[in-house]
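Pasting data-v3.cif here (mmCIF, C-alpha atoms):
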data_entry
#
loop_
_atom_site.label_atom_id
_atom_site.label_comp_id
_atom_site.auth_asym_id
_atom_site.auth_seq_id
_atom_site.Cartn_x
_atom_site.Cartn_y
_atom_site.Cartn_z
CA MET A 556 59.03 -21.95 -13.44
CA ALA A 557 58.38 -19.16 -10.94
CA THR A 558 54.90 -17.68 -10.71
CA ARG A 559 54.30 -13.96 -11.30
CA LYS A 560 53.88 -13.46 -7.55
CA GLU A 561 57.18 -15.22 -6.86
CA ARG A 562 58.93 -13.08 -9.50
CA ARG A 563 57.54 -9.89 -7.93
CA LYS A 564 58.81 -11.00 -4.54
CA GLN A 565 62.24 -11.83 -5.95
CA GLU A 566 62.46 -8.45 -7.67
CA LYS A 567 61.53 -6.68 -4.44
CA GLU A 568 64.17 -8.54 -2.46
CA THR A 569 66.97 -8.24 -5.02
CA ASN A 570 69.53 -5.46 -4.82
CA TYR A 571 70.61 -5.40 -8.47
CA PHE A 572 73.66 -3.23 -7.89
CA PHE A 573 74.90 -5.61 -5.22
CA GLU A 574 74.41 -8.53 -7.64
CA PHE A 575 76.37 -6.60 -10.28
CA THR A 576 79.18 -5.96 -7.80
CA LYS A 577 79.30 -9.66 -6.86
CA THR A 578 79.81 -10.60 -10.51
CA GLN A 579 82.50 -7.95 -10.90
CA ARG A 580 84.37 -9.14 -7.80
CA HIS A 581 84.07 -12.79 -8.83
CA PHE A 582 85.76 -12.30 -12.19
CA PHE A 583 87.99 -9.27 -11.53
CA LYS A 584 88.89 -9.05 -7.84
CA ASP A 585 91.72 -6.58 -8.58
CA LEU A 586 89.75 -4.28 -10.90
CA ILE A 587 89.35 -1.42 -8.41
CA HIS A 588 93.04 -1.66 -7.48
CA LYS A 589 93.93 -1.48 -11.19
CA LEU A 590 91.75 1.60 -11.62
CA LYS A 591 93.49 3.29 -8.68
CA LYS A 592 96.90 2.69 -10.30
CA VAL A 593 96.02 4.44 -13.58
CA LYS A 594 98.48 7.27 -14.22
CA ASP A 595 96.95 10.67 -13.48
CA HIS A 596 98.30 13.57 -15.56
CA ARG A 597 96.68 16.26 -13.40
CA SER A 598 98.49 18.45 -10.92
CA LYS A 599 98.28 16.81 -7.49
CA SER A 600 97.46 20.12 -5.80
CA TYR A 601 94.14 20.28 -7.69
CA ILE A 602 93.04 16.65 -7.37
CA THR A 603 89.82 15.95 -5.44
CA TYR A 604 88.96 12.56 -6.92
CA GLY A 605 91.27 9.65 -7.59
CA PRO A 606 91.31 7.85 -10.98
CA GLU A 607 89.18 5.01 -9.63
CA VAL A 608 86.31 7.40 -8.79
CA LEU A 609 86.42 9.11 -12.19
CA LEU A 610 86.69 5.89 -14.17
CA TYR A 611 84.19 3.84 -12.19
CA THR A 612 81.61 6.63 -12.34
CA THR A 613 81.94 6.58 -16.15
CA LEU A 614 81.67 2.79 -16.24
CA LEU A 615 78.43 3.02 -14.27
CA LYS A 616 77.10 5.62 -16.70
CA ASN A 617 77.51 3.05 -19.44
CA VAL A 618 76.10 -0.04 -17.72
CA MET A 619 73.09 1.96 -16.54
CA GLY A 620 72.28 3.15 -20.06
CA LEU A 621 72.64 6.87 -19.39
CA THR A 622 72.79 8.68 -22.71
CA SER A 623 75.06 11.61 -21.84
CA MET A 624 77.58 12.86 -19.32
CA ARG A 625 75.10 15.49 -18.11
CA SER A 626 72.43 12.86 -17.45
CA MET A 627 75.05 10.85 -15.54
CA SER A 628 75.79 13.75 -13.19
CA ASP A 629 72.05 14.28 -12.63
CA ALA A 630 71.03 10.62 -12.23
CA LEU A 631 73.79 9.59 -9.81
CA ASN A 632 73.32 12.58 -7.51
CA THR A 633 71.77 10.84 -4.48
CA ASP A 634 73.14 10.16 -1.00
CA GLU A 635 72.56 6.42 -1.47
CA CYS A 636 74.49 6.37 -4.72
CA ILE A 637 77.44 8.25 -3.21
CA GLU A 638 77.54 5.86 -0.24
CA ASN A 639 77.34 2.83 -2.53
CA MET A 640 80.24 4.17 -4.58
CA ARG A 641 82.28 4.79 -1.43
CA LYS A 642 81.84 1.21 -0.26
CA THR A 643 82.41 -0.31 -3.71
CA LEU A 644 85.63 1.65 -4.19
CA GLN A 645 86.70 0.97 -0.58
CA LEU A 646 87.16 4.65 0.27
CA ASP A 647 87.22 6.16 3.75
CA GLU A 648 85.07 9.06 2.62
CA LEU A 649 83.33 10.36 -0.48
CA GLU A 650 81.18 13.48 -0.17
CA GLU A 651 80.14 13.92 -3.81
CA LEU A 652 80.57 12.23 -7.18
CA PRO A 653 82.63 14.09 -9.77
CA HIS A 654 81.05 16.49 -12.24
CA TYR A 655 81.20 15.41 -15.88
CA ASP A 656 83.56 18.31 -16.72
CA THR A 657 86.05 16.93 -14.18
CA ILE A 658 85.83 13.48 -15.74
CA ASN A 659 86.33 14.80 -19.27
CA ASP A 660 89.31 16.87 -18.17
CA PHE A 661 90.86 13.70 -16.73
CA LEU A 662 90.11 11.65 -19.86
CA THR A 663 91.59 14.36 -22.09
CA GLY A 664 95.08 13.70 -20.68
CA LEU A 665 94.76 9.95 -20.13
CA GLU A 666 96.83 7.73 -22.41
CA VAL A 667 94.66 5.12 -24.12
CA THR A 668 97.23 2.46 -23.23
CA GLU A 669 96.15 2.80 -19.58
CA LEU A 670 92.63 1.60 -20.37
CA GLU A 671 93.90 -0.98 -22.85
CA GLU A 672 95.94 -2.50 -20.03
CA ILE A 673 92.83 -2.66 -17.82
CA ARG A 674 90.96 -4.49 -20.59
CA THR A 675 93.89 -6.88 -21.12
CA TYR A 676 93.91 -7.69 -17.40
CA MET A 677 90.21 -8.52 -17.57
CA ILE A 678 90.47 -10.72 -20.67
CA LYS A 679 93.41 -12.65 -19.22
CA GLU A 680 91.45 -13.20 -16.02
CA LEU A 681 88.67 -14.78 -18.06
CA PHE A 682 91.18 -17.03 -19.81
CA ASN A 683 92.72 -18.03 -16.46
CA LYS A 684 89.33 -18.98 -15.04
CA ARG A 685 88.78 -21.31 -18.03
CA CYS A 686 85.06 -20.63 -17.92
CA PHE A 687 84.77 -20.36 -21.70
CA ASP A 688 86.96 -23.25 -22.84
CA GLN A 689 83.95 -25.10 -24.23
CA TYR A 690 83.57 -22.40 -26.89
CA LYS A 691 86.96 -22.96 -28.51
CA ILE A 692 86.90 -23.70 -32.24
CA GLU A 693 87.78 -27.34 -32.88
CA GLY A 694 88.61 -27.57 -29.17
CA ARG A 695 91.70 -25.40 -29.57
CA TYR A 696 91.31 -21.98 -31.21
CA TRP A 697 89.72 -18.85 -29.81
CA GLY A 698 87.45 -17.15 -32.34
CA VAL A 699 88.30 -13.46 -32.74
CA ILE A 700 86.06 -11.40 -35.02
CA PHE A 701 87.54 -8.36 -36.78
CA ASP A 702 85.21 -5.65 -38.06
CA GLY A 703 85.14 -1.90 -38.36
CA THR A 704 82.36 0.58 -37.63
CA GLY A 705 81.69 4.29 -37.74
CA LEU A 706 81.56 6.17 -34.45
CA TYR A 707 81.14 9.89 -35.02
CA SER A 708 80.45 12.10 -38.04
CA PHE A 709 80.61 15.87 -38.41
CA GLU A 710 79.66 18.36 -41.10
CA LYS A 711 82.79 20.39 -40.33
CA LYS A 712 86.33 19.21 -39.69
CA HIS A 713 86.59 17.95 -36.14
CA CYS A 714 90.36 17.45 -35.90
CA GLU A 715 93.39 16.67 -38.04
CA HIS A 716 92.79 12.93 -37.65
CA CYS A 717 89.33 12.94 -39.27
CA LEU A 718 88.57 10.63 -42.16
CA ARG A 719 86.96 12.48 -45.06
CA ARG A 720 84.35 11.40 -47.56
CA GLU A 721 82.95 13.52 -50.37
CA TYR A 722 79.46 13.10 -51.76
CA LYS A 723 77.15 14.96 -54.11
CA ASN A 724 74.15 16.66 -52.57
CA LYS A 725 71.13 15.35 -54.53
CA GLU A 726 69.16 18.56 -54.08
CA THR A 727 71.80 21.20 -54.76
CA GLY A 728 74.30 19.21 -56.83
CA GLU A 729 77.11 20.57 -54.67
CA ILE A 730 80.07 18.43 -53.60
CA GLN A 731 80.06 18.21 -49.81
CA THR A 732 82.44 16.66 -47.32
CA VAL A 733 81.60 14.66 -44.23
CA TYR A 734 84.23 14.16 -41.50
CA MET A 735 84.25 10.89 -39.57
CA HIS A 736 85.92 8.81 -36.90
CA HIS A 737 85.90 5.01 -37.26
CA VAL A 738 87.29 2.13 -35.20
CA LEU A 739 88.34 -1.45 -35.93
CA GLU A 740 87.37 -3.96 -33.24
CA ALA A 741 88.75 -7.39 -32.42
CA LYS A 742 86.16 -9.23 -30.36
CA LEU A 743 86.43 -12.59 -28.67
CA VAL A 744 83.34 -14.65 -29.44
CA VAL A 745 82.26 -17.16 -26.77
CA GLY A 746 78.81 -18.63 -27.25
CA ASP A 747 76.39 -15.74 -27.72
CA MET A 748 78.75 -13.25 -26.05
CA VAL A 749 81.39 -11.02 -27.67
CA TYR A 750 84.08 -9.25 -25.66
CA SER A 751 86.38 -6.55 -26.98
CA ILE A 752 90.01 -7.65 -26.76
CA GLY A 753 91.49 -4.99 -29.03
CA SER A 754 90.55 -1.65 -30.62
CA GLU A 755 92.38 0.26 -33.33
CA PHE A 756 91.16 3.73 -34.28
CA ILE A 757 91.06 4.28 -38.02
CA GLU A 758 92.51 7.77 -38.30
CA ASN A 759 94.67 9.92 -40.54
CA GLU A 760 98.09 10.90 -39.23
CA SER A 761 97.39 14.46 -40.36
CA GLU A 762 94.88 16.31 -42.51
CA ASN A 763 97.37 16.50 -45.40
CA VAL A 764 97.80 12.76 -46.06
CA THR A 765 97.58 11.67 -49.69
CA LYS A 766 96.02 8.30 -48.80
CA GLN A 767 93.60 8.00 -45.93
CA ASP A 768 93.71 5.32 -43.28
CA CYS A 769 91.42 2.35 -43.83
CA GLU A 770 90.15 -0.85 -42.19
CA LEU A 771 92.76 -3.14 -43.77
CA LYS A 772 95.66 -0.90 -42.69
CA ALA A 773 94.20 -0.84 -39.19
CA PHE A 774 93.93 -4.65 -39.26
CA HIS A 775 97.70 -5.05 -39.49
CA ARG A 776 98.30 -2.60 -36.64
CA LEU A 777 95.72 -4.31 -34.45
CA ALA A 778 96.96 -7.81 -35.33
CA GLU A 779 100.47 -6.80 -34.27
CA LYS A 780 99.14 -5.47 -30.95
CA LEU A 781 97.22 -8.67 -30.27
CA LYS A 782 100.22 -10.84 -31.06
CA GLN A 783 102.39 -8.83 -28.66
CA THR A 784 99.74 -8.94 -25.93
CA TYR A 785 98.65 -12.59 -26.35
CA LYS A 786 101.84 -14.16 -27.66
CA ARG A 787 100.84 -17.82 -27.41
CA LEU A 788 97.07 -17.51 -27.71
CA PRO A 789 95.77 -19.85 -30.46
CA ILE A 790 93.53 -17.58 -32.52
CA CYS A 791 91.15 -18.17 -35.40
CA VAL A 792 90.48 -14.84 -37.15
CA LEU A 793 86.90 -14.37 -38.35
CA GLY A 794 85.76 -11.64 -40.70
CA ASP A 795 83.81 -10.65 -43.79
CA SER A 796 85.04 -10.93 -47.38
CA LEU A 797 87.15 -7.76 -47.06
CA TYR A 798 89.74 -9.84 -45.20
CA ALA A 799 89.96 -12.58 -47.85
CA CYS A 800 93.14 -11.24 -49.44
CA GLU A 801 96.86 -12.03 -49.69
CA PRO A 802 98.17 -9.52 -47.08
CA VAL A 803 95.77 -10.81 -44.40
CA PHE A 804 96.52 -14.46 -45.25
CA SER A 805 100.24 -13.73 -44.91
CA ARG A 806 99.81 -11.96 -41.58
CA CYS A 807 97.79 -14.85 -40.14
CA GLU A 808 100.36 -17.38 -41.30
CA GLU A 809 103.21 -15.30 -39.86
CA TYR A 810 101.49 -15.41 -36.45
CA ASN A 811 100.42 -19.07 -36.74
CA TRP A 812 96.78 -18.02 -36.63
CA LYS A 813 93.92 -19.84 -38.32
CA TYR A 814 91.40 -17.85 -40.33
CA LEU A 815 87.84 -18.32 -41.57
CA PHE A 816 86.43 -15.54 -43.76
CA ARG A 817 83.28 -15.03 -45.76
CA PHE A 818 84.18 -15.45 -49.41
CA LYS A 819 82.55 -13.67 -52.31
CA GLU A 820 83.19 -14.49 -55.94
CA GLY A 821 84.53 -11.06 -56.80
CA ARG A 822 87.16 -11.08 -54.04
CA ILE A 823 89.57 -13.66 -55.55
CA ARG A 824 88.24 -14.53 -59.00
CA SER A 825 90.71 -17.33 -59.70
CA ILE A 826 89.74 -19.22 -56.53
CA ALA A 827 86.02 -18.71 -57.17
CA SER A 828 86.33 -19.89 -60.76
CA ASP A 829 88.21 -23.06 -59.80
CA PHE A 830 85.89 -23.81 -56.89
CA TYR A 831 82.70 -23.66 -58.95
CA ALA A 832 84.28 -25.59 -61.80
CA ILE A 833 85.16 -28.42 -59.39
CA LYS A 834 81.70 -28.24 -57.86
CA THR A 835 80.11 -28.68 -61.28
CA MET A 836 82.23 -31.76 -61.99
CA GLU A 837 81.59 -33.34 -58.59
CA LYS A 838 77.90 -32.45 -58.30
CA GLY A 839 76.01 -34.95 -56.19
CA GLN A 840 79.06 -36.57 -54.62
CA LYS A 841 78.71 -34.80 -51.26
CA GLU A 842 75.87 -33.74 -48.99
CA SER A 843 73.51 -31.49 -50.91
CA HIS A 844 73.70 -28.51 -48.57
CA LEU A 845 77.48 -28.67 -48.07
CA PHE A 846 80.34 -28.64 -50.55
CA TRP A 847 84.04 -28.04 -49.96
CA VAL A 848 87.36 -28.19 -51.76
CA ASN A 849 90.67 -28.48 -49.89
CA ASP A 850 94.18 -27.55 -51.02
CA MET A 851 93.37 -24.97 -53.68
CA PRO A 852 96.62 -23.21 -54.72
CA TYR A 853 96.80 -19.47 -54.19
CA HIS A 854 100.17 -17.71 -54.38
CA LYS A 855 102.54 -19.77 -52.22
CA ARG A 856 99.89 -21.44 -50.09
CA MET A 857 96.92 -23.77 -50.16
CA VAL A 858 93.47 -22.56 -49.13
CA ASN A 859 90.22 -24.40 -48.50
CA VAL A 860 86.76 -23.28 -49.58
CA LEU A 861 83.49 -24.35 -47.97
CA GLU A 862 79.96 -23.67 -49.22
CA SER A 863 76.73 -24.10 -47.29
CA LYS A 864 73.16 -23.73 -48.55
CA PHE A 865 70.04 -23.78 -46.42
CA GLU A 866 66.37 -22.85 -46.51
CA THR A 867 65.18 -19.91 -44.43
CA GLU A 868 61.96 -19.84 -42.43
CA GLU A 869 60.49 -17.68 -45.22
CA GLY A 870 61.13 -20.48 -47.71
CA THR A 871 63.98 -18.79 -49.56
CA SER A 872 67.41 -20.29 -50.17
CA ARG A 873 70.59 -18.73 -48.77
CA GLN A 874 74.20 -19.49 -49.54
CA PHE A 875 77.33 -18.93 -47.46
CA VAL A 876 80.84 -19.49 -48.77
CA PHE A 877 83.95 -19.39 -46.57
CA ILE A 878 87.68 -19.48 -47.22
CA THR A 879 89.97 -20.93 -44.55
CA ASN A 880 93.35 -22.47 -43.80
CA MET A 881 91.67 -25.19 -41.69
CA LYS A 882 91.15 -28.51 -43.45
CA VAL A 883 87.48 -29.26 -44.05
CA ASN A 884 86.01 -32.75 -43.70
CA LYS A 885 82.62 -34.33 -43.12
CA ASN A 886 83.14 -34.27 -39.34
CA ASN A 887 83.82 -30.53 -39.02
CA ALA A 888 82.10 -28.94 -42.04
CA GLU A 889 78.87 -28.10 -40.18
CA ARG A 890 80.79 -26.73 -37.20
CA LEU A 891 82.96 -24.50 -39.40
CA VAL A 892 79.89 -23.10 -41.13
CA SER A 893 78.40 -22.30 -37.72
CA VAL A 894 81.65 -20.63 -36.65
CA GLY A 895 81.83 -18.63 -39.87
CA ARG A 896 78.28 -17.42 -39.52
CA SER A 897 78.98 -16.26 -35.95
CA ARG A 898 80.72 -13.22 -37.49
CA TRP A 899 77.35 -11.43 -37.50
CA LYS A 900 77.50 -11.33 -33.69
CA ILE A 901 79.96 -8.43 -33.76
CA GLU A 902 77.34 -6.46 -35.69
CA ASN A 903 74.36 -7.53 -33.59
CA GLN A 904 75.54 -8.20 -30.01
CA GLY A 905 78.45 -5.85 -30.64
CA PHE A 906 77.94 -2.69 -32.68
CA ASN A 907 74.13 -2.62 -32.96
CA GLN A 908 73.50 -2.98 -29.23
CA GLN A 909 76.28 -0.57 -28.36
CA LYS A 910 74.89 2.05 -30.73
CA ASN A 911 71.17 1.71 -30.22
CA THR A 912 70.29 -0.19 -27.04
CA ARG A 913 72.48 0.73 -24.09
CA TYR A 914 75.77 2.58 -24.66
CA PHE A 915 75.02 5.00 -27.51
CA ILE A 916 78.63 4.95 -28.72
CA GLU A 917 77.82 7.36 -31.57
CA HIS A 918 77.33 10.05 -28.94
CA PRO A 919 80.90 11.38 -28.39
CA ASN A 920 80.51 12.49 -24.69
CA SER A 921 83.37 14.90 -25.35
CA HIS A 922 84.57 16.79 -28.41
CA GLN A 923 88.22 16.41 -27.45
CA TYR A 924 89.62 13.53 -29.52
CA GLN A 925 91.68 11.85 -26.78
CA ALA A 926 88.74 11.91 -24.39
CA MET A 927 86.48 10.50 -27.14
CA LYS A 928 88.82 7.52 -27.51
CA ASN A 929 88.91 6.91 -23.77
CA HIS A 930 85.12 7.07 -23.54
CA TYR A 931 84.93 4.40 -26.24
CA LEU A 932 87.38 2.12 -24.42
CA LEU A 933 85.49 2.56 -21.15
CA THR A 934 82.36 1.47 -22.98
CA GLN A 935 84.08 -1.76 -24.07
CA ILE A 936 85.12 -2.47 -20.48
CA ALA A 937 81.61 -1.72 -19.21
CA ASP A 938 80.14 -3.98 -21.88
CA MET A 939 82.30 -6.87 -20.69
CA LEU A 940 81.10 -6.37 -17.11
CA MET A 941 77.49 -6.13 -18.21
CA GLN A 942 77.54 -9.24 -20.40
CA LEU A 943 79.04 -11.30 -17.57
CA TYR A 944 76.40 -9.93 -15.21
CA GLU A 945 73.50 -10.61 -17.57
CA LYS A 946 74.59 -14.07 -18.69
CA GLY A 947 76.00 -15.30 -15.38
CA SER A 948 73.68 -13.93 -12.70
CA SER A 949 71.03 -16.35 -11.48
CA VAL A 950 68.65 -13.40 -11.06
CA TRP A 951 68.19 -12.89 -14.79
CA LYS A 952 67.67 -16.56 -15.50
CA GLN A 953 64.23 -16.31 -13.89
CA LEU A 954 63.32 -12.68 -14.56
CA LYS A 955 62.85 -12.01 -18.27
CA LYS A 956 63.76 -8.40 -18.92
CA THR A 957 65.06 -6.34 -21.82
CA ALA A 958 68.54 -4.81 -21.81
CA LYS A 959 67.05 -1.38 -21.10
CA GLU A 960 65.05 -2.75 -18.17
CA LYS A 961 68.16 -4.36 -16.67
CA SER A 962 70.08 -1.10 -16.89
CA SER A 963 67.13 0.74 -15.39
CA ASN A 964 66.98 -1.73 -12.49
CA LEU A 965 70.69 -1.15 -11.82
CA LEU A 966 70.20 2.60 -11.81
CA GLU A 967 67.23 2.39 -9.44
CA ALA A 968 69.20 0.13 -7.09
CA ILE A 969 72.32 2.29 -6.81
CA ARG A 970 70.19 5.44 -6.41
CA GLY A 971 67.81 4.12 -3.79
CA ARG A 972 69.24 1.06 -1.97
CA THR A 973 72.37 1.21 0.15
CA VAL A 974 74.80 -1.69 0.14
CA THR A 975 75.04 -2.77 3.80
CA ASP A 976 78.12 -3.77 5.78
CA GLU A 977 76.78 -7.33 5.70
CA ASP A 978 76.66 -7.12 1.90
CA VAL A 979 80.26 -5.94 1.81
CA ALA A 980 81.32 -8.88 3.99
CA GLU A 981 79.46 -11.26 1.67
CA LEU A 982 81.45 -9.97 -1.31
CA ALA A 983 84.52 -11.71 0.11
CA LYS A 984 82.81 -15.09 -0.07
CA PRO A 985 83.36 -17.24 -3.19
CA ILE A 986 80.41 -17.75 -5.53
CA GLN A 987 79.72 -19.96 -8.51
CA ILE A 988 78.71 -18.60 -11.91
CA ARG A 989 77.74 -20.90 -14.75
CA PHE A 990 77.05 -19.94 -18.34
CA THR A 991 74.52 -21.85 -20.39
#

How does the structure come out when it is put into structure tokens?
Amino acid sequence: MATRKERRKQEKETNYFFEFTKTQRHFFKDLIHKLKKVKDHRSKSYITYGPEVLLYTTLLKNVMGLTSMRSMSDALNTDECIENMRKTLQLDELEELPHYDTINDFLTGLEVTELEEIRTYMIKELFNKRCFDQYKIEGRYWGVIFDGTGLYSFEKKHCEHCLRREYKNKETGEIQTVYMHHVLEAKLVVGDMVYSIGSEFIENESENVTKQDCELKAFHRLAEKLKQTYKRLPICVLGDSLYACEPVFSRCEEYNWKYLFRFKEGRIRSIASDFYAIKTMEKGQKESHLFWVNDMPYHKRMVNVLESKFETEEGTSRQFVFITNMKVNKNNAERLVSVGRSRWKIENQGFNQQKNTRYFIEHPNSHQYQAMKNHYLLTQIADMLMQLYEKGSSVWKQLKKTAKEKSSNLLEAIRGRTVTDEDVAELAKPIQIRFT
């Protein structure tokens, strides 16, 4: 354990931005090249900055916890920062960083598929490096959590794709309408990390639709995308009780995916009734905190139900029930409960941190809908880089800091410390990164 004096010395000697760049190069050596190849819709006669400058500047805004595009333009406006960007992006010259209006203009015309392809490249690189194989479910399946969240809300109609919700004002009694944009996320869960591998925006095709888009409709669109992108990837779909329904079961079986969902009594009453009837008859025949029933008939399939009870630190009792197409036995019951409970990570490590700690995804950064989508996707890419940096860098294993402090250290480093030519040469050397 390092002393306080040793930690102060290490902090003084550490260039955090250089450490971040080392992690990025280790996992994604072609990332900058991929950013350069993004299709640019702008007229070539008016282009000052290439796509890699515009996109990487926005990625840095996110990892450094800057709350708005304006604050990004202000915070990154130093000679050291510009020089660090030039070297990182391997440019011959870079006199200034782009203004946020220039970035938003670029993102307004950028197809979301361009950024989705960047994310797919990054996820496949992680699979190829096999650094997370130990987190597979039952040694084979990759856990992918599906969950939706709200992003932006407006008192007036934002665009024709807005979701609408009416509510009664408690003070005036008037019926009012709120306009919203939501997204469904598919996130790969590996240990205590969650990485976005797919996003599907929950949106109306037009403002005149009779039935609005919803999370379950978006699930089928996103599932199809994932199957096309990761054709042979063995997936176990994780989710809350919303997904415990016939259409989702059928989709998973069509794709040869496993599933493990929270199960509430009101979701499929026939299954719940049979499960608790069997439990009553077999009371005491299995471990007290675990009970499961395999091969329960539902439509044209068999499903398995697993219940776990445990005492909390406050002395209260909690119950979790899951429905799955994986056979449950005494050897895997505890593990499956642990996997099922990992669904909360998309809310905590995923949405909660992205909304309140570092990325502030409920701030739209642009009011143009296409640009809003691209900002969101850039946040997911930045979050992947930042999680790898935080969990894999040896620096943070000795220096205990909050997420905000880590982002602040990155910002201070890129603003005030120049990456040297020796640093650039060192980036070419292989390094080892281990996750605990």

Query raised in the report: So, counting all atoms listed in the file, which residue among A:Lys882, A:Arg597, A:Lys679, A:Lys691 is closest to Asn849 of chain A?
Result: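 Closest to Asn849 of chain A of all the choices is A:Lys882.
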
Requested in this report: Considering all atoms listed in the file, state which residue in the set A:Ile637, A:Val860, A:Leu586, A:Val667 is at the smallest distance from Tyr931 of chain A.
Outcome: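 Of all the options, A:Val667 lies closest to Tyr931 of chain A.
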
Query raised in the report: What does the PyMOL selection byres ((chain A and resi 949) around 10) select in this file, as a PyMOL selection string?
Result: chain A and resi 574+944-948+950-954+987-990

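Proximity to Val858 of chain A was assessed for A:Leu845, A:Leu815, A:Leu706, A:Met836 counting only C-alpha atoms; the smallest distance is recorded for A:Leu815.
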
Query raised in the report: atom CA of Glu869 of chain A to atom CA of Glu902 of chain A: how many Å, to one decimal?
Result: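 Computing the Euclidean distance for atom CA of Glu869 of chain A and atom CA of Glu902 of chain A yields 22.4 Å.
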
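Between atom CA of Thr663 of chain A and atom CA of His930 of chain A the separation is 9.9 Å.
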
Query raised in the report: On this structure, which residues satisfy the PyMOL selection byres ((chain A and resi 595) around 9), written as a PyMOL selection string?
Result: chain A and resi 592-594+596-599+605-606+661+664-665

Report task. Write out as a ChimeraX atom specification the residues lying within 10 Å of Thr784 of chain A, counting all atoms listed in the file and excluding same-chain residues fewer than 2 positions away. Result -> /A:672,675,679,752-753,778-782,786-788

Report task. Using only C-alpha atoms, give me every residue within 12 Å of (92.6, -11.5, -7.5) in file coordinates, as a list in words. Result -> Gln579, Arg580, His581, Phe582, Phe583, Lys584, Asp585, Leu586, Ile587, His588, Lys589, Tyr676, Met677, Lys679, Glu680, Leu681, Asn683, Lys684, Ala983 and Pro985 of chain A

Report task. Could you tell me which of A:Met941, A:Leu614, A:Ile673, A:Leu631 comes closest to Ile969 of chain A if we count all atoms listed in the file? Result ->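 Smallest distance to Ile969 of chain A is found for A:Leu631.
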
Query raised in the report: atom CA of Asp938 of chain A and atom CA of Lys616 of chain A, how far apart in Å?
Result: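 Interatomic distance here is 11.3 Å.
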
**Report entry** Hits from the PyMOL selection byres ((chain A and resi 799-809) around 12), listed as an MDAnalysis selection string
**Finding:** chainID A and resid 701 770:779 781:782 789:798 810:824 826:827 853:860 876:881

Please tabulate, as a Markdown table, the residues of segment 730-796 of chain A that come within 12 Å of segment 920-926 of chain A, each with its closest pair of atoms and the distance in Å to one decimal, counting all atoms listed in the file and ordering rows by chain, then residue number upward.
| residue | atom | partner | partner_atom | distance |
| --- | --- | --- | --- | --- |
| A:Met735 | CA | A:Tyr924 | CA | 11.7 |
| A:His736 | CA | A:Tyr924 | CA | 9.5 |
| A:Phe756 | CA | A:Tyr924 | CA | 11.0 |
| A:Glu758 | CA | A:Tyr924 | CA | 10.9 |

**Report entry** Exercise: Val974 of chain A partners within 9 Å, all atoms listed in the file, chain neighbours under 3 positions left out, as a list of chain:residue names
**Finding:**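 After dropping sequence-adjacent residues, the list is A:Asn570, A:Phe572, A:Phe573, A:Glu635, A:Glu638, A:Asn639, A:Lys642, A:Thr643, A:Ile969, A:Glu977, A:Asp978, A:Val979.
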
Deliver the residues from the most recent selection as a file, using C-alpha atoms, as a PDB file, keeping the file's coordinate frame.
ATOM      1  CA  ASN A 570      69.530  -5.460  -4.820  1.00  0.00           C
ATOM      2  CA  PHE A 572      73.660  -3.230  -7.890  1.00  0.00           C
ATOM      3  CA  PHE A 573      74.900  -5.610  -5.220  1.00  0.00           C
ATOM      4  CA  GLU A 635      72.560   6.420  -1.470  1.00  0.00           C
ATOM      5  CA  GLU A 638      77.540   5.860  -0.240  1.00  0.00           C
ATOM      6  CA  ASN A 639      77.340   2.830  -2.530  1.00  0.00           C
ATOM      7  CA  LYS A 642      81.840   1.210  -0.260  1.00  0.00           C
ATOM      8  CA  THR A 643      82.410  -0.310  -3.710  1.00  0.00           C
ATOM      9  CA  ILE A 969      72.320   2.290  -6.810  1.00  0.00           C
ATOM     10  CA  GLU A 977      76.780  -7.330   5.700  1.00  0.00           C
ATOM     11  CA  ASP A 978      76.660  -7.120   1.900  1.00  0.00           C
ATOM     12  CA  VAL A 979      80.260  -5.940   1.810  1.00  0.00           C
TER      13      VAL A 979
END

Query raised in the report: Got a sec to check which residues sit within 9 Å of (71.0, 8.5, -9.0), counting all atoms listed in the file, and write them as number ranges by chain?
Result: A: 627-637, 966-971

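With only C-alpha atoms as the atoms that count, the residue of A:Leu718, A:Ser872, A:Met640, A:Arg972 with the shortest distance to Glu762 of chain A is A:Leu718.
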
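Using all atoms listed in the file, the smallest distance between any of A:Thr957, A:Gln767, A:Gln935, A:Gln645 and Leu670 of chain A comes from A:Gln935.
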
**Report entry** Val745 of chain A surroundings by only C-alpha atoms, 8 Å radius, close-in-sequence under 2 positions cut, as an MDAnalysis selection string
**Finding:** chainID A and resid 687 690:691 698 743 747:749
